[in-house]
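So the structure is just underneath, and the comments pick up after that.
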Amino acid sequence: MDAQASSSTHIGLNAHLLSLSRNYRGAGINSYIYHLLRNLGQIDSGYRYTVYLGDRRFADERLRLHYSRWPTHRPVVRILWEQLVQPMALRQSKVDLLHAMAFAGPLVTSCPFVVTIYDLSFYHFPEAFRPWNRWYLSIFTARSARRARRVITISESTKRDVVKMLGVPPDRVDVAYCGVDEIFRPLPAAETARFRSERALPDRFILFLGTLEPRKNVQKLVRAYSQWRQVDPDIPRLVVAGGKGWYYGHIFAEVERLGLTGDVIFPGYVIPQELPWRYNAADLFVYPSRFEGFGLPVLEAMACGTPVVTTNVASLPEVAGDAALLVSPDDEAQLVEAMRRALSEVSLRQEMVTKGLAHAADFTWARTARQTLNTYDRALGEEGIGDKW
């Protein structure tokens with residue numbers, strides 16, 4: 001524990017983006033927030049925590065939970081709470097440091113804050129966001145990053161973006177990688193086969209798992225799969241799993257246009273408890289995203305012993321290491337060849353499985369929590385730096 005930490009030091013965490021709902025809001029950023037809260041409570045840091053949230057299904061006796069009466073699952077309501085109610089709540093609770101856990105801190109506050117920025121996809125791919133979301137994220141993320149005592153990013157790739165695009169000095173940005181939950185591991189073959197049968201999954205299949213939105217590049221995957229199937233009709237079927245996000249209709253239209261309705265399966269949102277079974281049941285995991293702040297499904301699949309094909313952009317090479325096959329997100333032929341090799345070359349598959357298991361083991365949520373605590377220590381020891389209220 002750093003000298004700055006004491007039993008009287010009070011950390012507030014804005015976790016209003018946390019959702020245990022069975023839809024796309026229950027993925028991505030939500031997973032980071034959920035696991036960080038769980039692990040912060042397990043570490044004897046000397047800090048006291050108050051968590052501000054709206055989802056009453058989340059409970060943790062090691063944390064003081066302050067549930068909002070406002071329906072903050074609605075984006076506009078959440079923003080109003082953050083900017084109007086949160087400053088008063090922080091003052092009343094005598095919070096010493098706020099952790100704004102998703103992009104934006106309050107414009108006016110009685111205490112310093114740190115902010116987590118997951119990615120700057122709204123700058124890189126503005127067309128993939130609804131105008132209101134793009135405007136809010138662009139304005140409030142930039143202001144928050146410049147006013148925060150410290151900024152937390154989940155990859156070196158996002159750190160570089162924050163420094164370059166938001167003008168934050170690199171020495172004020174800390175990286176806290178995502179972790180892989182212990183539930184992601186190789187499962188017994190017989191039990192996996194039973195799960196595959198119960199869920200009516202094909203005996204062999206290629207899996208994509210993620211929110212259905214433009215930057216996940218699922219349309220490109222569908223087109224590459226179609227090209228491959230024309231050459232080899234016996235390839236495994238494609239399972240595209242995940243909740244519906246932004247502008248997802250184009251994906252379904254592409255499948256219909258290419259005549260793949262019977263070959264591409266859409267199971268919808270997958271509950272967290274089933275994720276390890278899905279990864280284990282797949283012959284190959286493909287993640288063709290154009291941009292990621294981290295790309296946690298890549299590591300989850302590796303931890304389950306499933307070979308991975310992903311792209312060579314943003315944080316994905318950083319996350320995948322040398323354990324996956326990397327391709328350009330714009331090259332369908334390259335994607336087809338990588339999938340073909342990962343499925344058919346026995347020695348390559350075994351090498352990918354072995355490297356993937358070892359690589360994923362390095363990423364734990366306990367490490368994420370410790371790295372976050374280091375940021376709290378630094379922020380409390382840097383009075384006046386970045387504060388412009």
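Residue numbering restarts at 1 in every chain; chains get A, B, ... in the order shown in the structure tokens, and ligands count up from 1 in that same order.
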Within 10 Å of Thr192 of chain A, counting only C-alpha atoms, which residues qualify if same-chain residues fewer than 4 places away don't, as a count of residues only? 13
Extract, using only C-alpha atoms, all DNA, RNA and protein residues at most 9 Å from segment 299-305 of chain A, discarding same-chain residues fewer than 5 positions from it, and format them as a VMD selection string. chain A and resid 179 to 187 275 to 277 279 to 280 284 to 285 319 to 320 323 to 324 352 to 361 363
Store the residues picked out above in a file with N, CA and C atoms, as a short mmCIF file (atom, residue, chain, number, x, y, z; two decimals), in the first residue's frame.
data_model
loop_
_atom_site.label_atom_id
_atom_site.label_comp_id
_atom_site.auth_asym_id
_atom_site.auth_seq_id
_atom_site.Cartn_x
_atom_site.Cartn_y
_atom_site.Cartn_z
N GLY A 179 -8.34 -8.23 -17.75
CA GLY A 179 -7.98 -9.56 -17.29
C GLY A 179 -8.89 -10.61 -17.90
N VAL A 180 -8.56 -11.85 -17.66
CA VAL A 180 -9.38 -12.97 -18.12
C VAL A 180 -9.90 -13.71 -16.89
N ASP A 181 -11.21 -13.82 -16.80
CA ASP A 181 -11.81 -14.51 -15.66
C ASP A 181 -11.41 -15.98 -15.65
N GLU A 182 -11.31 -16.55 -14.46
CA GLU A 182 -10.88 -17.95 -14.32
C GLU A 182 -11.87 -18.94 -14.91
N ILE A 183 -13.10 -18.50 -15.20
CA ILE A 183 -14.07 -19.43 -15.81
C ILE A 183 -13.68 -19.79 -17.24
N PHE A 184 -12.79 -18.99 -17.84
CA PHE A 184 -12.35 -19.27 -19.21
C PHE A 184 -11.16 -20.22 -19.16
N ARG A 185 -11.43 -21.47 -19.49
CA ARG A 185 -10.41 -22.52 -19.43
C ARG A 185 -10.87 -23.67 -20.32
N PRO A 186 -9.97 -24.57 -20.71
CA PRO A 186 -10.39 -25.75 -21.48
C PRO A 186 -11.34 -26.61 -20.65
N LEU A 187 -12.43 -27.03 -21.25
CA LEU A 187 -13.45 -27.84 -20.56
C LEU A 187 -13.44 -29.27 -21.12
N LEU A 275 -20.37 -18.34 -22.02
CA LEU A 275 -19.26 -17.95 -22.89
C LEU A 275 -18.15 -19.00 -22.95
N PRO A 276 -17.68 -19.54 -21.81
CA PRO A 276 -16.62 -20.55 -21.90
C PRO A 276 -17.03 -21.76 -22.72
N TRP A 277 -18.28 -22.15 -22.64
CA TRP A 277 -18.75 -23.30 -23.40
C TRP A 277 -18.76 -23.00 -24.89
N TYR A 279 -16.82 -20.84 -26.51
CA TYR A 279 -15.44 -20.84 -27.01
C TYR A 279 -14.91 -22.27 -27.15
N ASN A 280 -15.16 -23.10 -26.13
CA ASN A 280 -14.67 -24.47 -26.15
C ASN A 280 -15.29 -25.28 -27.27
N LEU A 284 -12.70 -22.71 -34.19
CA LEU A 284 -11.87 -21.54 -34.48
C LEU A 284 -12.64 -20.30 -34.04
N PHE A 285 -11.92 -19.35 -33.44
CA PHE A 285 -12.52 -18.07 -33.09
C PHE A 285 -11.95 -17.00 -34.02
N VAL A 319 -2.69 -7.31 -27.84
CA VAL A 319 -3.44 -8.25 -27.02
C VAL A 319 -3.16 -9.69 -27.45
N ALA A 320 -3.09 -9.92 -28.76
CA ALA A 320 -2.92 -11.28 -29.28
C ALA A 320 -1.50 -11.80 -29.14
N ALA A 323 0.37 -15.37 -30.44
CA ALA A 323 -0.43 -16.58 -30.29
C ALA A 323 -1.58 -16.69 -31.29
N ALA A 324 -1.80 -15.65 -32.10
CA ALA A 324 -2.90 -15.66 -33.07
C ALA A 324 -2.37 -15.39 -34.47
N MET A 352 -0.75 -22.79 -31.89
CA MET A 352 -1.61 -21.66 -31.52
C MET A 352 -2.31 -21.92 -30.18
N VAL A 353 -2.75 -23.15 -29.97
CA VAL A 353 -3.40 -23.49 -28.71
C VAL A 353 -2.42 -23.35 -27.54
N THR A 354 -1.22 -23.90 -27.68
CA THR A 354 -0.23 -23.85 -26.62
C THR A 354 0.17 -22.42 -26.29
N LYS A 355 0.48 -21.64 -27.31
CA LYS A 355 0.86 -20.25 -27.10
C LYS A 355 -0.29 -19.43 -26.53
N GLY A 356 -1.51 -19.70 -27.00
CA GLY A 356 -2.67 -18.96 -26.54
C GLY A 356 -2.94 -19.17 -25.07
N LEU A 357 -2.85 -20.40 -24.61
CA LEU A 357 -3.07 -20.68 -23.19
C LEU A 357 -2.04 -19.97 -22.32
N ALA A 358 -0.79 -20.01 -22.72
CA ALA A 358 0.27 -19.36 -21.94
C ALA A 358 0.11 -17.85 -21.95
N HIS A 359 -0.23 -17.30 -23.11
CA HIS A 359 -0.37 -15.84 -23.24
C HIS A 359 -1.54 -15.33 -22.41
N ALA A 360 -2.69 -15.98 -22.48
CA ALA A 360 -3.87 -15.52 -21.75
C ALA A 360 -3.67 -15.59 -20.24
N ALA A 361 -2.83 -16.53 -19.78
CA ALA A 361 -2.61 -16.68 -18.34
C ALA A 361 -1.94 -15.47 -17.72
N PHE A 363 -2.85 -12.40 -18.13
CA PHE A 363 -3.80 -11.31 -17.96
C PHE A 363 -4.84 -11.70 -16.89
#
Give me the residues of segment 81-120 of chain A that have any atom at most 10 Å from an atom of segment 126-149 of chain A; for each, the nearest atom pair and the distance in Å, rounded to one decimal. Use only C-alpha atoms, sort by chain and number, and format it as CSV.
residue,atom,partner,partner_atom,distance
A:Leu97,CA,A:Arg149,CA,9.5
A:Leu98,CA,A:Ala148,CA,9.7
A:His99,CA,A:Ala148,CA,9.6
A:Ala100,CA,A:Ser144,CA,9.1
A:Ala102,CA,A:Thr141,CA,9.0
A:Phe103,CA,A:Thr141,CA,5.2
A:Ala104,CA,A:Thr141,CA,5.3
A:Gly105,CA,A:Ser144,CA,5.5
A:Pro106,CA,A:Ser144,CA,7.7
A:Leu107,CA,A:Ser144,CA,7.7
A:Pro112,CA,A:Arg149,CA,6.5
A:Phe113,CA,A:Ala148,CA,5.4
A:Val114,CA,A:Ala148,CA,5.2
A:Val115,CA,A:Ala148,CA,6.5
A:Thr116,CA,A:Ala145,CA,8.8
A:Ile117,CA,A:Thr141,CA,7.7
A:Leu120,CA,A:Ser138,CA,8.4
Could you work out how far atom CA of Arg349 of chain A lies from atom CA of Glu337 of chain A, giving the answer in Å with one decimal?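 Atom CA of Glu337 of chain A sits 13.9 Å away from atom CA of Arg349 of chain A.
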So which one's closest to Ala333 of chain A, A:Arg215, A:Arg62, A:Lys220, A:Arg78? Using only C-alpha atoms, please.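 Smallest separation from Ala333 of chain A among the options: A:Lys220.
Residues in contact with segment 10-21 of chain A at 7 Å, where only C-alpha atoms are counted and same-chain residues fewer than 6 positions away are skipped, are listed as Asn30, Ile33, Tyr34, Tyr47, Arg48, Tyr49, Thr50, Val51, Tyr52, Leu53, Gly54, Asp55, Arg57, Thr72, Val95, Asp96, Leu97, Leu98, His99, Ala100 and Met101 of chain A.
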Take the residues from that selection and write them out as a CSV table (one decimal), in the first residue's frame, keeping N, CA and C atoms.
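Wrote it out as out27.csv, contents follow:
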chain,number,residue,atom,x,y,z
A,30,ASN,N,-18.8,-3.0,-19.7
A,30,ASN,CA,-19.5,-3.5,-18.5
A,30,ASN,C,-18.6,-4.6,-17.9
A,33,ILE,N,-15.8,-3.0,-15.9
A,33,ILE,CA,-16.3,-2.4,-14.6
A,33,ILE,C,-16.6,-3.4,-13.6
A,34,TYR,N,-17.3,-4.4,-14.0
A,34,TYR,CA,-17.8,-5.5,-13.1
A,34,TYR,C,-16.6,-6.2,-12.4
A,47,TYR,N,-8.0,1.9,1.3
A,47,TYR,CA,-9.0,2.8,0.8
A,47,TYR,C,-10.4,2.4,1.2
A,48,ARG,N,-11.3,3.3,1.4
A,48,ARG,CA,-12.7,3.1,1.5
A,48,ARG,C,-13.3,3.4,0.1
A,49,TYR,N,-14.3,2.6,-0.3
A,49,TYR,CA,-15.0,2.8,-1.6
A,49,TYR,C,-16.5,3.0,-1.5
A,50,THR,N,-17.0,3.9,-2.2
A,50,THR,CA,-18.4,4.1,-2.5
A,50,THR,C,-18.6,4.0,-4.0
A,51,VAL,N,-19.5,3.1,-4.3
A,51,VAL,CA,-19.8,2.8,-5.7
A,51,VAL,C,-21.1,3.4,-6.1
A,52,TYR,N,-21.2,4.3,-7.1
A,52,TYR,CA,-22.4,4.9,-7.5
A,52,TYR,C,-22.9,4.1,-8.8
A,53,LEU,N,-24.1,3.5,-8.7
A,53,LEU,CA,-24.6,2.7,-9.8
A,53,LEU,C,-26.1,2.7,-9.8
A,54,GLY,N,-26.7,2.1,-10.9
A,54,GLY,CA,-28.1,2.1,-11.0
A,54,GLY,C,-28.7,0.7,-11.0
A,55,ASP,N,-27.9,-0.3,-11.4
A,55,ASP,CA,-28.3,-1.7,-11.5
A,55,ASP,C,-28.3,-2.3,-10.1
A,57,ARG,N,-29.1,-5.2,-9.3
A,57,ARG,CA,-28.7,-6.6,-9.2
A,57,ARG,C,-27.3,-6.8,-8.9
A,72,THR,N,-30.9,5.5,-14.7
A,72,THR,CA,-29.6,5.8,-15.4
A,72,THR,C,-29.2,4.8,-16.5
A,95,VAL,N,-16.0,12.4,-0.6
A,95,VAL,CA,-15.1,11.6,-1.4
A,95,VAL,C,-13.8,12.4,-1.6
A,96,ASP,N,-12.7,11.7,-1.5
A,96,ASP,CA,-11.4,12.3,-1.7
A,96,ASP,C,-10.9,12.2,-3.2
A,97,LEU,N,-11.3,11.2,-3.9
A,97,LEU,CA,-10.9,11.0,-5.3
A,97,LEU,C,-12.1,10.2,-6.0
A,98,LEU,N,-12.5,10.7,-7.1
A,98,LEU,CA,-13.5,10.0,-7.9
A,98,LEU,C,-12.8,9.2,-9.1
A,99,HIS,N,-13.3,8.0,-9.3
A,99,HIS,CA,-12.9,7.3,-10.5
A,99,HIS,C,-14.1,7.3,-11.4
A,100,ALA,N,-14.0,8.1,-12.5
A,100,ALA,CA,-15.0,8.1,-13.6
A,100,ALA,C,-14.7,6.9,-14.5
A,101,MET,N,-15.5,5.9,-14.4
A,101,MET,CA,-15.1,4.6,-15.0
A,101,MET,C,-15.4,4.4,-16.4
For Arg370 of chain A, find every residue with an atom within 12 Å (counting only C-alpha atoms), except residues of its own chain fewer than 5 positions away, and show them as an MDAnalysis selection string. chainID A and resid 1:2 36:37 39:45 174:179 364:365 375:377
